[in-house]
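Enquirer: My structure file data_22.pdb, PDB, C-alpha atoms, pLDDT in the B column, is below:
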```pdb
ATOM      1  CA  MET A 702      41.618  18.878  64.537  1.00 57.00           C
ATOM      2  CA  ARG A 703      43.150  17.591  61.289  1.00 64.00           C
ATOM      3  CA  CYS A 704      44.715  19.321  58.274  1.00 68.00           C
ATOM      4  CA  PRO A 705      42.160  19.868  55.478  1.00 64.00           C
ATOM      5  CA  GLU A 706      44.852  19.151  52.872  1.00 62.00           C
ATOM      6  CA  CYS A 707      46.582  15.975  54.060  1.00 69.00           C
ATOM      7  CA  GLY A 708      44.704  14.983  57.208  1.00 68.00           C
ATOM      8  CA  GLY A 709      47.800  15.437  59.372  1.00 67.00           C
ATOM      9  CA  ARG A 710      47.798  16.499  63.015  1.00 66.00           C
ATOM     10  CA  ILE A 711      47.489  20.235  63.726  1.00 65.00           C
ATOM     11  CA  VAL A 712      50.164  21.806  65.941  1.00 64.00           C
ATOM     12  CA  GLU A 713      49.353  25.027  67.801  1.00 59.00           C
ATOM     13  CA  ASP A 714      52.176  27.394  68.723  1.00 55.00           C
ATOM     14  CA  LYS A 715      52.452  30.998  67.535  1.00 52.00           C
ATOM     15  CA  GLU A 716      50.694  29.733  64.423  1.00 58.00           C
ATOM     16  CA  VAL A 717      48.260  26.917  63.702  1.00 63.00           C
ATOM     17  CA  VAL A 718      50.142  24.594  61.336  1.00 64.00           C
ATOM     18  CA  CYS A 719      49.990  21.034  60.042  1.00 67.00           C
ATOM     19  CA  SER A 720      52.724  18.809  61.466  1.00 64.00           C
ATOM     20  CA  GLU A 721      52.807  16.753  58.238  1.00 64.00           C
ATOM     21  CA  CYS A 722      52.727  19.183  55.289  1.00 64.00           C
ATOM     22  CA  GLY A 723      53.434  22.458  57.078  1.00 63.00           C
ATOM     23  CA  LEU A 724      50.267  24.201  55.884  1.00 64.00           C
ATOM     24  CA  VAL A 725      49.612  27.345  57.961  1.00 65.00           C
ATOM     25  CA  LEU A 726      45.933  27.420  58.968  1.00 61.00           C
ATOM     26  CA  GLY A 727      45.820  30.542  61.121  1.00 60.00           C
ATOM     27  CA  GLU A 728      47.586  32.891  63.473  1.00 51.00           C
ATOM     28  CA  LYS A 729      45.505  32.412  66.601  1.00 46.00           C
ATOM     29  CA  LEU A 730      45.061  29.361  68.804  1.00 40.00           C
ATOM     30  CA  ALA A 731      41.732  27.664  68.203  1.00 40.00           C
ATOM     31  CA  VAL A 732      41.278  26.827  71.900  1.00 42.00           C
ATOM     32  CA  GLU A 733      42.808  28.733  74.778  1.00 39.00           C
ATOM     33  CA  GLN A 734      43.280  26.822  78.032  1.00 39.00           C
ATOM     34  CA  ARG A 735      42.286  29.018  80.923  1.00 39.00           C
ATOM     35  CA  TYR A 736      43.160  28.452  84.577  1.00 36.00           C
ATOM     36  CA  TYR A 737      41.048  29.896  87.359  1.00 36.00           C
ATOM     37  CA  PRO A 738      42.619  31.617  90.418  1.00 37.00           C
ATOM     38  CA  ARG A 739      44.163  29.391  93.055  1.00 38.00           C
ATOM     39  CA  VAL A 740      41.292  29.240  95.508  1.00 37.00           C
ATOM     40  CA  ILE A 741      41.152  26.291  97.872  1.00 37.00           C
ATOM     41  CA  SER A 742      37.670  24.795  98.149  1.00 41.00           C
ATOM     42  CA  ASN A 743      37.077  21.589 100.110  1.00 42.00           C
ATOM     43  CA  SER A 744      40.833  20.933 100.207  1.00 39.00           C
ATOM     44  CA  HIS A 745      41.411  20.989  96.472  1.00 41.00           C
ATOM     45  CA  TYR A 746      42.271  23.487  93.757  1.00 39.00           C
ATOM     46  CA  PRO A 747      39.800  24.189  90.935  1.00 42.00           C
ATOM     47  CA  ARG A 748      40.781  22.275  87.828  1.00 41.00           C
ATOM     48  CA  LYS A 749      41.455  23.902  84.495  1.00 42.00           C
ATOM     49  CA  VAL A 750      38.583  24.647  82.134  1.00 44.00           C
ATOM     50  CA  PHE A 751      38.411  25.734  78.523  1.00 43.00           C
ATOM     51  CA  LYS A 752      37.497  29.221  77.381  1.00 48.00           C
ATOM     52  CA  VAL A 753      36.217  29.186  73.835  1.00 49.00           C
ATOM     53  CA  THR A 754      38.115  31.448  71.425  1.00 49.00           C
ATOM     54  CA  PHE A 755      37.423  30.663  67.790  1.00 50.00           C
ATOM     55  CA  PRO A 756      40.322  31.152  65.357  1.00 50.00           C
ATOM     56  CA  SER A 757      40.754  34.549  63.723  1.00 47.00           C
ATOM     57  CA  ASN A 758      40.403  32.885  60.329  1.00 57.00           C
ATOM     58  CA  PRO A 759      36.861  31.436  59.986  1.00 68.00           C
ATOM     59  CA  GLU A 760      38.079  29.185  57.169  1.00 75.00           C
ATOM     60  CA  ILE A 761      39.659  26.897  59.786  1.00 78.00           C
ATOM     61  CA  PHE A 762      36.258  26.147  61.306  1.00 80.00           C
ATOM     62  CA  ARG A 763      34.604  25.803  57.890  1.00 84.00           C
ATOM     63  CA  ASP A 764      37.337  23.483  56.579  1.00 86.00           C
ATOM     64  CA  GLU A 765      37.077  21.275  59.655  1.00 86.00           C
ATOM     65  CA  VAL A 766      33.319  20.994  59.190  1.00 89.00           C
ATOM     66  CA  GLN A 767      33.712  20.120  55.503  1.00 90.00           C
ATOM     67  CA  ARG A 768      36.393  17.514  56.271  1.00 90.00           C
ATOM     68  CA  LEU A 769      34.224  15.789  58.866  1.00 93.00           C
ATOM     69  CA  MET A 770      31.196  15.886  56.569  1.00 93.00           C
ATOM     70  CA  HIS A 771      33.223  14.185  53.820  1.00 93.00           C
ATOM     71  CA  PHE A 772      34.447  11.597  56.340  1.00 92.00           C
ATOM     72  CA  ALA A 773      30.912  10.887  57.585  1.00 93.00           C
ATOM     73  CA  ARG A 774      29.647  10.457  54.003  1.00 91.00           C
ATOM     74  CA  GLY A 775      32.459   8.026  53.306  1.00 91.00           C
ATOM     75  CA  TYR A 776      31.349   5.851  56.211  1.00 90.00           C
ATOM     76  CA  GLY A 777      27.734   5.646  55.120  1.00 90.00           C
ATOM     77  CA  ILE A 778      25.980   8.533  56.875  1.00 91.00           C
ATOM     78  CA  ARG A 779      22.951   9.276  54.704  1.00 90.00           C
ATOM     79  CA  MET A 780      20.995  12.469  55.376  1.00 91.00           C
ATOM     80  CA  SER A 781      20.565  15.858  53.730  1.00 92.00           C
ATOM     81  CA  SER A 782      23.654  18.063  53.436  1.00 91.00           C
ATOM     82  CA  GLU A 783      21.943  20.806  55.479  1.00 92.00           C
ATOM     83  CA  LYS A 784      21.178  18.457  58.360  1.00 93.00           C
ATOM     84  CA  LEU A 785      24.612  16.816  58.338  1.00 93.00           C
ATOM     85  CA  GLU A 786      26.335  20.207  58.264  1.00 93.00           C
ATOM     86  CA  ALA A 787      24.262  21.389  61.247  1.00 93.00           C
ATOM     87  CA  ILE A 788      25.162  18.240  63.179  1.00 94.00           C
ATOM     88  CA  ILE A 789      28.870  18.492  62.361  1.00 93.00           C
ATOM     89  CA  LYS A 790      28.974  22.172  63.365  1.00 90.00           C
ATOM     90  CA  TYR A 791      27.330  21.256  66.662  1.00 90.00           C
ATOM     91  CA  ILE A 792      29.839  18.440  67.267  1.00 91.00           C
ATOM     92  CA  VAL A 793      32.881  20.591  66.416  1.00 87.00           C
ATOM     93  CA  LYS A 794      31.757  23.394  68.726  1.00 83.00           C
ATOM     94  CA  LYS A 795      30.994  20.982  71.546  1.00 83.00           C
ATOM     95  CA  ASP A 796      33.733  18.353  71.291  1.00 83.00           C
ATOM     96  CA  VAL A 797      36.612  20.262  69.653  1.00 80.00           C
ATOM     97  CA  TYR A 798      36.178  23.788  71.007  1.00 76.00           C
ATOM     98  CA  GLY A 799      34.654  22.820  74.353  1.00 74.00           C
ATOM     99  CA  ALA A 800      31.532  24.971  73.947  1.00 76.00           C
ATOM    100  CA  PHE A 801      27.926  24.185  74.902  1.00 79.00           C
ATOM    101  CA  PRO A 802      25.956  24.907  71.697  1.00 80.00           C
ATOM    102  CA  LYS A 803      22.207  24.499  71.327  1.00 80.00           C
ATOM    103  CA  LYS A 804      20.923  21.383  69.577  1.00 85.00           C
ATOM    104  CA  PRO A 805      20.201  22.235  65.919  1.00 88.00           C
ATOM    105  CA  MET A 806      16.569  22.769  65.038  1.00 88.00           C
ATOM    106  CA  GLY A 807      14.939  19.842  63.277  1.00 89.00           C
ATOM    107  CA  VAL A 808      17.640  17.383  64.313  1.00 90.00           C
ATOM    108  CA  ARG A 809      16.930  14.424  66.575  1.00 91.00           C
ATOM    109  CA  LEU A 810      19.276  13.593  69.432  1.00 90.00           C
ATOM    110  CA  LYS A 811      19.803  10.053  68.145  1.00 92.00           C
ATOM    111  CA  GLU A 812      21.032  11.472  64.816  1.00 93.00           C
ATOM    112  CA  ILE A 813      23.663  13.551  66.629  1.00 93.00           C
ATOM    113  CA  LYS A 814      24.692  10.518  68.695  1.00 93.00           C
ATOM    114  CA  MET A 815      25.015   8.382  65.548  1.00 93.00           C
ATOM    115  CA  VAL A 816      27.365  10.843  63.799  1.00 94.00           C
ATOM    116  CA  ARG A 817      29.289  11.678  66.965  1.00 92.00           C
ATOM    117  CA  SER A 818      29.883   8.029  67.902  1.00 93.00           C
ATOM    118  CA  LEU A 819      31.212   7.347  64.391  1.00 93.00           C
ATOM    119  CA  LEU A 820      33.707  10.233  64.565  1.00 92.00           C
ATOM    120  CA  ILE A 821      34.882   9.219  68.037  1.00 91.00           C
ATOM    121  CA  ARG A 822      35.087   5.512  67.180  1.00 90.00           C
ATOM    122  CA  LYS A 823      37.209   6.243  64.102  1.00 89.00           C
ATOM    123  CA  GLY A 824      39.503   8.514  66.103  1.00 89.00           C
ATOM    124  CA  VAL A 825      38.685  11.613  64.048  1.00 88.00           C
ATOM    125  CA  ILE A 826      37.800  13.683  67.121  1.00 86.00           C
ATOM    126  CA  THR A 827      38.710  13.400  70.791  1.00 84.00           C
ATOM    127  CA  PRO A 828      35.898  14.889  72.856  1.00 82.00           C
ATOM    128  CA  VAL A 829      36.610  17.476  75.545  1.00 75.00           C
ATOM    129  CA  HIS A 830      35.255  16.246  78.894  1.00 72.00           C
ATOM    130  CA  GLN A 831      32.460  18.499  80.178  1.00 72.00           C
ATOM    131  CA  ASP A 832      30.301  18.489  83.298  1.00 79.00           C
ATOM    132  CA  ALA A 833      27.948  20.810  85.165  1.00 83.00           C
ATOM    133  CA  THR A 834      30.807  22.750  86.755  1.00 82.00           C
ATOM    134  CA  ASP A 835      32.333  23.380  83.320  1.00 82.00           C
ATOM    135  CA  TYR A 836      28.959  24.592  82.073  1.00 86.00           C
ATOM    136  CA  ILE A 837      28.495  27.017  84.985  1.00 89.00           C
ATOM    137  CA  ARG A 838      31.975  28.458  84.429  1.00 85.00           C
ATOM    138  CA  TRP A 839      31.406  28.690  80.685  1.00 83.00           C
ATOM    139  CA  CYS A 840      28.177  30.655  81.244  1.00 88.00           C
ATOM    140  CA  LEU A 841      29.922  32.963  83.706  1.00 88.00           C
ATOM    141  CA  GLN A 842      32.711  33.515  81.159  1.00 83.00           C
ATOM    142  CA  ARG A 843      30.101  34.631  78.628  1.00 84.00           C
ATOM    143  CA  LEU A 844      28.749  37.075  81.223  1.00 87.00           C
ATOM    144  CA  ASN A 845      32.273  38.279  82.150  1.00 84.00           C
ATOM    145  CA  LEU A 846      31.756  37.083  85.727  1.00 85.00           C
ATOM    146  CA  ASP A 847      34.284  34.242  85.755  1.00 75.00           C
ATOM    147  CA  ASP A 848      36.890  36.083  87.846  1.00 78.00           C
ATOM    148  CA  ILE A 849      34.486  37.676  90.356  1.00 82.00           C
ATOM    149  CA  LYS A 850      35.142  37.006  94.046  1.00 84.00           C
ATOM    150  CA  ILE A 851      32.591  37.948  96.738  1.00 84.00           C
ATOM    151  CA  ASP A 852      33.199  37.641 100.488  1.00 82.00           C
ATOM    152  CA  GLY A 853      36.351  35.619  99.881  1.00 81.00           C
ATOM    153  CA  LYS A 854      34.626  33.079  97.623  1.00 83.00           C
ATOM    154  CA  MET A 855      34.670  32.773  93.854  1.00 86.00           C
ATOM    155  CA  LEU A 856      31.263  33.502  92.368  1.00 88.00           C
ATOM    156  CA  TYR A 857      31.131  30.180  90.501  1.00 87.00           C
ATOM    157  CA  GLU A 858      31.466  28.315  93.810  1.00 89.00           C
ATOM    158  CA  GLU A 859      28.338  29.968  95.226  1.00 91.00           C
ATOM    159  CA  VAL A 860      26.469  29.370  91.956  1.00 92.00           C
ATOM    160  CA  ALA A 861      27.482  25.691  92.112  1.00 90.00           C
ATOM    161  CA  GLU A 862      26.106  25.435  95.661  1.00 90.00           C
ATOM    162  CA  VAL A 863      22.747  26.888  94.588  1.00 91.00           C
ATOM    163  CA  TYR A 864      22.784  24.654  91.481  1.00 91.00           C
ATOM    164  CA  LYS A 865      22.902  21.548  93.700  1.00 89.00           C
ATOM    165  CA  GLN A 866      19.727  22.647  95.508  1.00 86.00           C
ATOM    166  CA  ILE A 867      17.623  22.617  92.331  1.00 87.00           C
ATOM    167  CA  PRO A 868      16.083  19.188  91.634  1.00 82.00           C
ATOM    168  CA  ASN A 869      14.804  17.453  88.537  1.00 83.00           C
ATOM    169  CA  ARG A 870      15.687  19.944  85.823  1.00 86.00           C
ATOM    170  CA  ARG A 871      18.139  19.869  82.932  1.00 86.00           C
ATOM    171  CA  MET A 872      21.613  21.307  83.419  1.00 88.00           C
ATOM    172  CA  GLN A 873      21.006  24.510  81.429  1.00 89.00           C
ATOM    173  CA  THR A 874      17.870  25.383  83.429  1.00 91.00           C
ATOM    174  CA  LYS A 875      19.497  24.763  86.808  1.00 92.00           C
ATOM    175  CA  ALA A 876      22.567  26.816  85.894  1.00 93.00           C
ATOM    176  CA  ALA A 877      20.494  29.759  84.617  1.00 93.00           C
ATOM    177  CA  VAL A 878      18.297  29.838  87.722  1.00 93.00           C
ATOM    178  CA  ALA A 879      21.299  29.569  90.047  1.00 93.00           C
ATOM    179  CA  ILE A 880      23.207  32.350  88.263  1.00 94.00           C
ATOM    180  CA  TYR A 881      20.136  34.600  88.246  1.00 93.00           C
ATOM    181  CA  TYR A 882      19.544  34.096  91.960  1.00 91.00           C
ATOM    182  CA  VAL A 883      23.180  34.713  92.941  1.00 92.00           C
ATOM    183  CA  CYS A 884      23.353  37.851  90.784  1.00 91.00           C
ATOM    184  CA  ARG A 885      20.185  39.231  92.390  1.00 89.00           C
ATOM    185  CA  LYS A 886      21.454  38.327  95.847  1.00 89.00           C
ATOM    186  CA  HIS A 887      24.679  40.284  95.407  1.00 89.00           C
ATOM    187  CA  GLY A 888      23.238  43.151  93.370  1.00 89.00           C
ATOM    188  CA  ILE A 889      25.085  42.271  90.164  1.00 89.00           C
ATOM    189  CA  GLY A 890      23.408  44.306  87.450  1.00 86.00           C
ATOM    190  CA  LEU A 891      22.543  41.673  84.864  1.00 87.00           C
ATOM    191  CA  SER A 892      19.077  41.237  83.437  1.00 89.00           C
ATOM    192  CA  MET A 893      17.211  37.968  83.182  1.00 90.00           C
ATOM    193  CA  GLU A 894      17.426  38.357  79.401  1.00 90.00           C
ATOM    194  CA  GLU A 895      21.251  38.496  79.471  1.00 91.00           C
ATOM    195  CA  ILE A 896      21.525  35.465  81.754  1.00 91.00           C
ATOM    196  CA  ALA A 897      19.017  33.484  79.684  1.00 90.00           C
ATOM    197  CA  ALA A 898      20.967  34.215  76.488  1.00 88.00           C
ATOM    198  CA  ALA A 899      24.291  33.205  78.074  1.00 86.00           C
ATOM    199  CA  CYS A 900      22.866  29.916  79.356  1.00 87.00           C
ATOM    200  CA  GLY A 901      20.921  29.059  76.208  1.00 83.00           C
ATOM    201  CA  VAL A 902      17.452  29.102  77.788  1.00 87.00           C
ATOM    202  CA  SER A 903      14.416  31.396  77.602  1.00 88.00           C
ATOM    203  CA  GLU A 904      13.513  34.068  80.142  1.00 89.00           C
ATOM    204  CA  SER A 905      10.274  32.212  80.885  1.00 88.00           C
ATOM    205  CA  THR A 906      12.293  29.110  81.757  1.00 89.00           C
ATOM    206  CA  ILE A 907      14.128  31.043  84.460  1.00 90.00           C
ATOM    207  CA  SER A 908      11.029  32.775  85.867  1.00 87.00           C
ATOM    208  CA  GLN A 909       8.956  29.587  85.883  1.00 85.00           C
ATOM    209  CA  ASN A 910      11.632  27.606  87.718  1.00 86.00           C
ATOM    210  CA  LEU A 911      12.522  30.131  90.415  1.00 83.00           C
ATOM    211  CA  LYS A 912       9.901  28.420  92.593  1.00 78.00           C
ATOM    212  CA  LEU A 913      12.249  25.433  92.763  1.00 74.00           C
ATOM    213  CA  LEU A 914      14.329  27.531  95.160  1.00 74.00           C
ATOM    214  CA  GLY A 915      11.557  27.266  97.735  1.00 63.00           C
ATOM    215  CA  TRP A 916      14.032  27.316 100.599  1.00 49.00           C
ATOM    216  CA  ILE A 917      14.818  30.943  99.699  1.00 50.00           C
ATOM    217  CA  LYS A 918      12.287  33.631 100.664  1.00 47.00           C
ATOM    218  CA  ASN A 919      10.484  35.081  97.668  1.00 45.00           C
ATOM    219  CA  SER A 920      11.379  38.584  98.855  1.00 41.00           C
ATOM    220  CA  GLN A 921      15.015  37.805  98.118  1.00 47.00           C
ATOM    221  CA  LEU A 922      14.196  37.056  94.488  1.00 43.00           C
TER     222      LEU A 922
END
```
Rewrite the structure from the file as C-alpha cells, please.
Expert:
Amino acid sequence: MRCPECGGRIVEDKEVVCSECGLVLGEKLAVEQRYYPRVISNSHYPRKVFKVTFPSNPEIFRDEVQRLMHFARGYGIRMSSEKLEAIIKYIVKKDVYGAFPKKPMGVRLKEIKMVRSLLIRKGVITPVHQDATDYIRWCLQRLNLDDIKIDGKMLYEEVAEVYKQIPNRRMQTKAAVAIYYVCRKHGIGLSMEEIAAACGVSESTISQNLKLLGWIKNSQL
C-alpha cells in the first residue's frame, strides 16, 4: 500500500503512517498476520495465513482504490470509471488484504488480468500468495471455526482431506462441499446457507455437488 499524498511506503506499527511524509492514515493495522496453533501434520507445522481485518478508517481503502485507478488511467487503461473501480476494489481486497472476493458482475476475467498484471509489473502492488489451503482457512475464519480441534485434529485438516476427494470442480465449490460435510459429520450447527455465504457460492451449488462425495454413504449427509 502507498501513501495517497506522496506515494511513499506505508509503515504499520501502532499507527498506519507514511514513511516519507509522515501522514497518519489510521489507527488499526490493515492486515493482521495470524498464526494457527502448533499442530504437527505430516511432519511439518502449518504455515502462517492472513486474517482479513480492514482498517477502522474506511478512507484508507477508498484512497488506495482511487490512487490505483489514477495510476491505471495514466498507463492507458481505458474503460468506464464504474468498471475500473470495481476491478481495482477486487484487486485490492484479493492482493493487498489477502481476501477471496467474488468477481465483479459484468467484468470479464481478462479485464481483471489486464489491470492486475499492469499493477504488478509496475511494482504498485505485491500480491499475497494464496492457495486452496488458504481459502479453506479463510472460509473457516468467516464461520468462526478456524481454531476448532476435533479428536486431536484441527478442523481445517479434516476439511482439506475431504477437499482432495472432490474432483473436477472449482476451488470455492470443493471447499464449500467439504466444509458442509465435515460440519454435518461432527454435528456442528451451521446451516447450508451460512456455509454457502462464507464460501461465496449458492446453496444449490453445495446440494448439487454433494453427490461428488460418492464414497460417503448418503445417510451420513
Enquirer: Kindly give the distance, in Å, that separates atom CA of Ala861 of chain A and atom CA of Leu810 of chain A, rounded to a single decimal.
Expert: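 A separation of 27.0 Å between them.
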Enquirer: Near Trp839 of chain A, within 10 Å and counting all atoms listed in the file, which residues show up once chain neighbours fewer than 2 positions away are dropped, as number ranges by chain?
Expert: A: 750-753, 799-801, 833-837, 841-847, 857, 899-900
Enquirer: Set the distance at 12 Å and use only C-alpha atoms: which residues neighbour Met806 of chain A once local chain neighbours fewer than 6 positions away are removed? I'd like the list as a list in words.
Expert: Glu783, Lys784, Ala787, Ile788, Tyr791 and Ile813 of chain A
Enquirer: Give as a list in words the set of residues within 10 Å of the point (18.1, 23.6, 93.6), where distances use the file's coordinates and only C-alpha atoms.
Expert: Ala861, Glu862, Val863, Tyr864, Lys865, Gln866, Ile867, Pro868, Asn869, Arg870, Lys875, Ala876, Val878, Ala879, Asn910, Leu911, Lys912, Leu913, Leu914, Gly915 and Trp916 of chain A
Enquirer: Could you save those same residues with C-alpha atoms as a PDB file, keeping the file's coordinate frame?
Expert:
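And here's out.pdb as it stands now:
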```
ATOM      1  CA  ALA A 861      27.482  25.691  92.112  1.00 90.00           C
ATOM      2  CA  GLU A 862      26.106  25.435  95.661  1.00 90.00           C
ATOM      3  CA  VAL A 863      22.747  26.888  94.588  1.00 91.00           C
ATOM      4  CA  TYR A 864      22.784  24.654  91.481  1.00 91.00           C
ATOM      5  CA  LYS A 865      22.902  21.548  93.700  1.00 89.00           C
ATOM      6  CA  GLN A 866      19.727  22.647  95.508  1.00 86.00           C
ATOM      7  CA  ILE A 867      17.623  22.617  92.331  1.00 87.00           C
ATOM      8  CA  PRO A 868      16.083  19.188  91.634  1.00 82.00           C
ATOM      9  CA  ASN A 869      14.804  17.453  88.537  1.00 83.00           C
ATOM     10  CA  ARG A 870      15.687  19.944  85.823  1.00 86.00           C
ATOM     11  CA  LYS A 875      19.497  24.763  86.808  1.00 92.00           C
ATOM     12  CA  ALA A 876      22.567  26.816  85.894  1.00 93.00           C
ATOM     13  CA  VAL A 878      18.297  29.838  87.722  1.00 93.00           C
ATOM     14  CA  ALA A 879      21.299  29.569  90.047  1.00 93.00           C
ATOM     15  CA  ASN A 910      11.632  27.606  87.718  1.00 86.00           C
ATOM     16  CA  LEU A 911      12.522  30.131  90.415  1.00 83.00           C
ATOM     17  CA  LYS A 912       9.901  28.420  92.593  1.00 78.00           C
ATOM     18  CA  LEU A 913      12.249  25.433  92.763  1.00 74.00           C
ATOM     19  CA  LEU A 914      14.329  27.531  95.160  1.00 74.00           C
ATOM     20  CA  GLY A 915      11.557  27.266  97.735  1.00 63.00           C
ATOM     21  CA  TRP A 916      14.032  27.316 100.599  1.00 49.00           C
TER      22      TRP A 916
END
```
Enquirer: Run through the PyMOL selection byres ((chain A and resi 905-907) around 9) on the given coordinates and return the selected residues as a ChimeraX atom specification.
Expert: /A:874-875,877-878,881,893,897,902-904,908-911
Enquirer: Put a box with edges along x, y and z around all the listed atoms of segment 879-883 of chain A, pad it by 4 Å on each side, then give me its centre and sizes in Å, one decimal, as AutoDock Vina command-line options.
Expert:
```
--center_x 21.4 --center_y 32.1 --center_z 90.6 --size_x 11.7 --size_y 13.1 --size_z 12.7
```
Enquirer: At what distance in Å, to one decimal, does atom CA of Ala898 of chain A lie from atom CA of Met770 of chain A?
Expert: 28.9 Å
Enquirer: Take atom CA of Gly890 of chain A and atom CA of Ile851 of chain A and report the distance between them in Å, one decimal.
Expert: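 Spanning atom CA of Gly890 of chain A to atom CA of Ile851 of chain A is a straight-line distance of 14.5 Å.
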Enquirer: Nearest residue to Ser818 of chain A out of A:Ile792, A:Leu785, A:Met872, A:Met780, using all atoms listed in the file?
Expert: A:Ile792
Enquirer: In terms of the shortest atom-to-atom distance over all atoms listed in the file, which of A:Cys884, A:Pro802, A:His771, A:Glu765 is closest to Ile826 of chain A?
Expert: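 Looking only at the distances to Ile826 of chain A, the closest residue turns out to be A:Glu765.
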Enquirer: Of the candidates A:Lys811, A:Ser782, A:Val797, A:Gly777, which shows the shortest atom-to-atom distance to Phe762 of chain A, using only C-alpha atoms?
Expert: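 Nearest candidate to Phe762 of chain A out of A:Lys811, A:Ser782, A:Val797, A:Gly777: A:Val797.
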Enquirer: Kindly resolve the PyMOL selection byres ((chain A and resi 773) around 12) on the present coordinates and return the residues as a ChimeraX atom specification.
Expert: /A:766-772,774-780,782,785-786,788-789,813,815-823,825
Enquirer: Ranking A:Glu895, A:Gly807, A:Lys794, A:Val883 by minimum distance to Val860 of chain A and counting all atoms listed in the file, which one comes first?
Expert: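 Using all atoms listed in the file, Val860 of chain A sits closest to A:Val883.
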Enquirer: Just add all heavy atoms to segment 851-857 of chain A and send it as a short mmCIF file (atom, residue, chain, number, x, y, z; two decimals), in the frame of the given file.
Expert:
```cif
data_model
loop_
_atom_site.label_atom_id
_atom_site.label_comp_id
_atom_site.auth_asym_id
_atom_site.auth_seq_id
_atom_site.Cartn_x
_atom_site.Cartn_y
_atom_site.Cartn_z
N ILE A 851 33.44 37.23 95.79
CA ILE A 851 32.59 37.95 96.74
C ILE A 851 32.72 37.30 98.11
O ILE A 851 32.56 36.08 98.24
CB ILE A 851 31.12 37.94 96.29
CG1 ILE A 851 30.96 38.66 94.94
CG2 ILE A 851 30.22 38.59 97.34
CD1 ILE A 851 29.56 38.64 94.39
N ASP A 852 33.04 38.12 99.11
CA ASP A 852 33.20 37.64 100.49
C ASP A 852 34.20 36.49 100.57
O ASP A 852 33.97 35.49 101.27
CB ASP A 852 31.84 37.19 101.06
CG ASP A 852 30.85 38.35 101.15
OD1 ASP A 852 31.30 39.48 101.34
OD2 ASP A 852 29.64 38.09 101.01
N GLY A 853 35.29 36.62 99.82
CA GLY A 853 36.35 35.62 99.88
C GLY A 853 36.08 34.34 99.11
O GLY A 853 36.87 33.40 99.19
N LYS A 854 34.99 34.29 98.37
CA LYS A 854 34.63 33.08 97.62
C LYS A 854 34.42 33.43 96.16
O LYS A 854 33.84 34.46 95.84
CB LYS A 854 33.35 32.47 98.20
CG LYS A 854 32.87 31.22 97.47
CD LYS A 854 31.52 30.76 97.98
CE LYS A 854 31.60 30.24 99.39
NZ LYS A 854 30.30 29.65 99.83
N MET A 855 34.91 32.55 95.27
CA MET A 855 34.67 32.77 93.85
C MET A 855 33.17 32.64 93.57
O MET A 855 32.49 31.79 94.13
CB MET A 855 35.45 31.76 93.02
CG MET A 855 36.96 31.87 93.15
SD MET A 855 37.59 33.51 92.72
CE MET A 855 37.15 33.62 90.99
N LEU A 856 32.69 33.48 92.67
CA LEU A 856 31.26 33.50 92.37
C LEU A 856 30.77 32.15 91.87
O LEU A 856 29.68 31.70 92.22
CB LEU A 856 30.97 34.58 91.32
CG LEU A 856 29.50 34.87 91.04
CD1 LEU A 856 28.85 35.52 92.26
CD2 LEU A 856 29.34 35.77 89.83
N TYR A 857 31.58 31.45 91.06
CA TYR A 857 31.13 30.18 90.50
C TYR A 857 30.91 29.14 91.59
O TYR A 857 30.09 28.23 91.45
CB TYR A 857 32.11 29.65 89.44
CG TYR A 857 33.38 29.04 89.97
CD1 TYR A 857 33.42 27.73 90.41
CD2 TYR A 857 34.56 29.78 90.01
CE1 TYR A 857 34.59 27.17 90.88
CE2 TYR A 857 35.72 29.22 90.49
CZ TYR A 857 35.74 27.92 90.92
OH TYR A 857 36.90 27.37 91.41
#
```
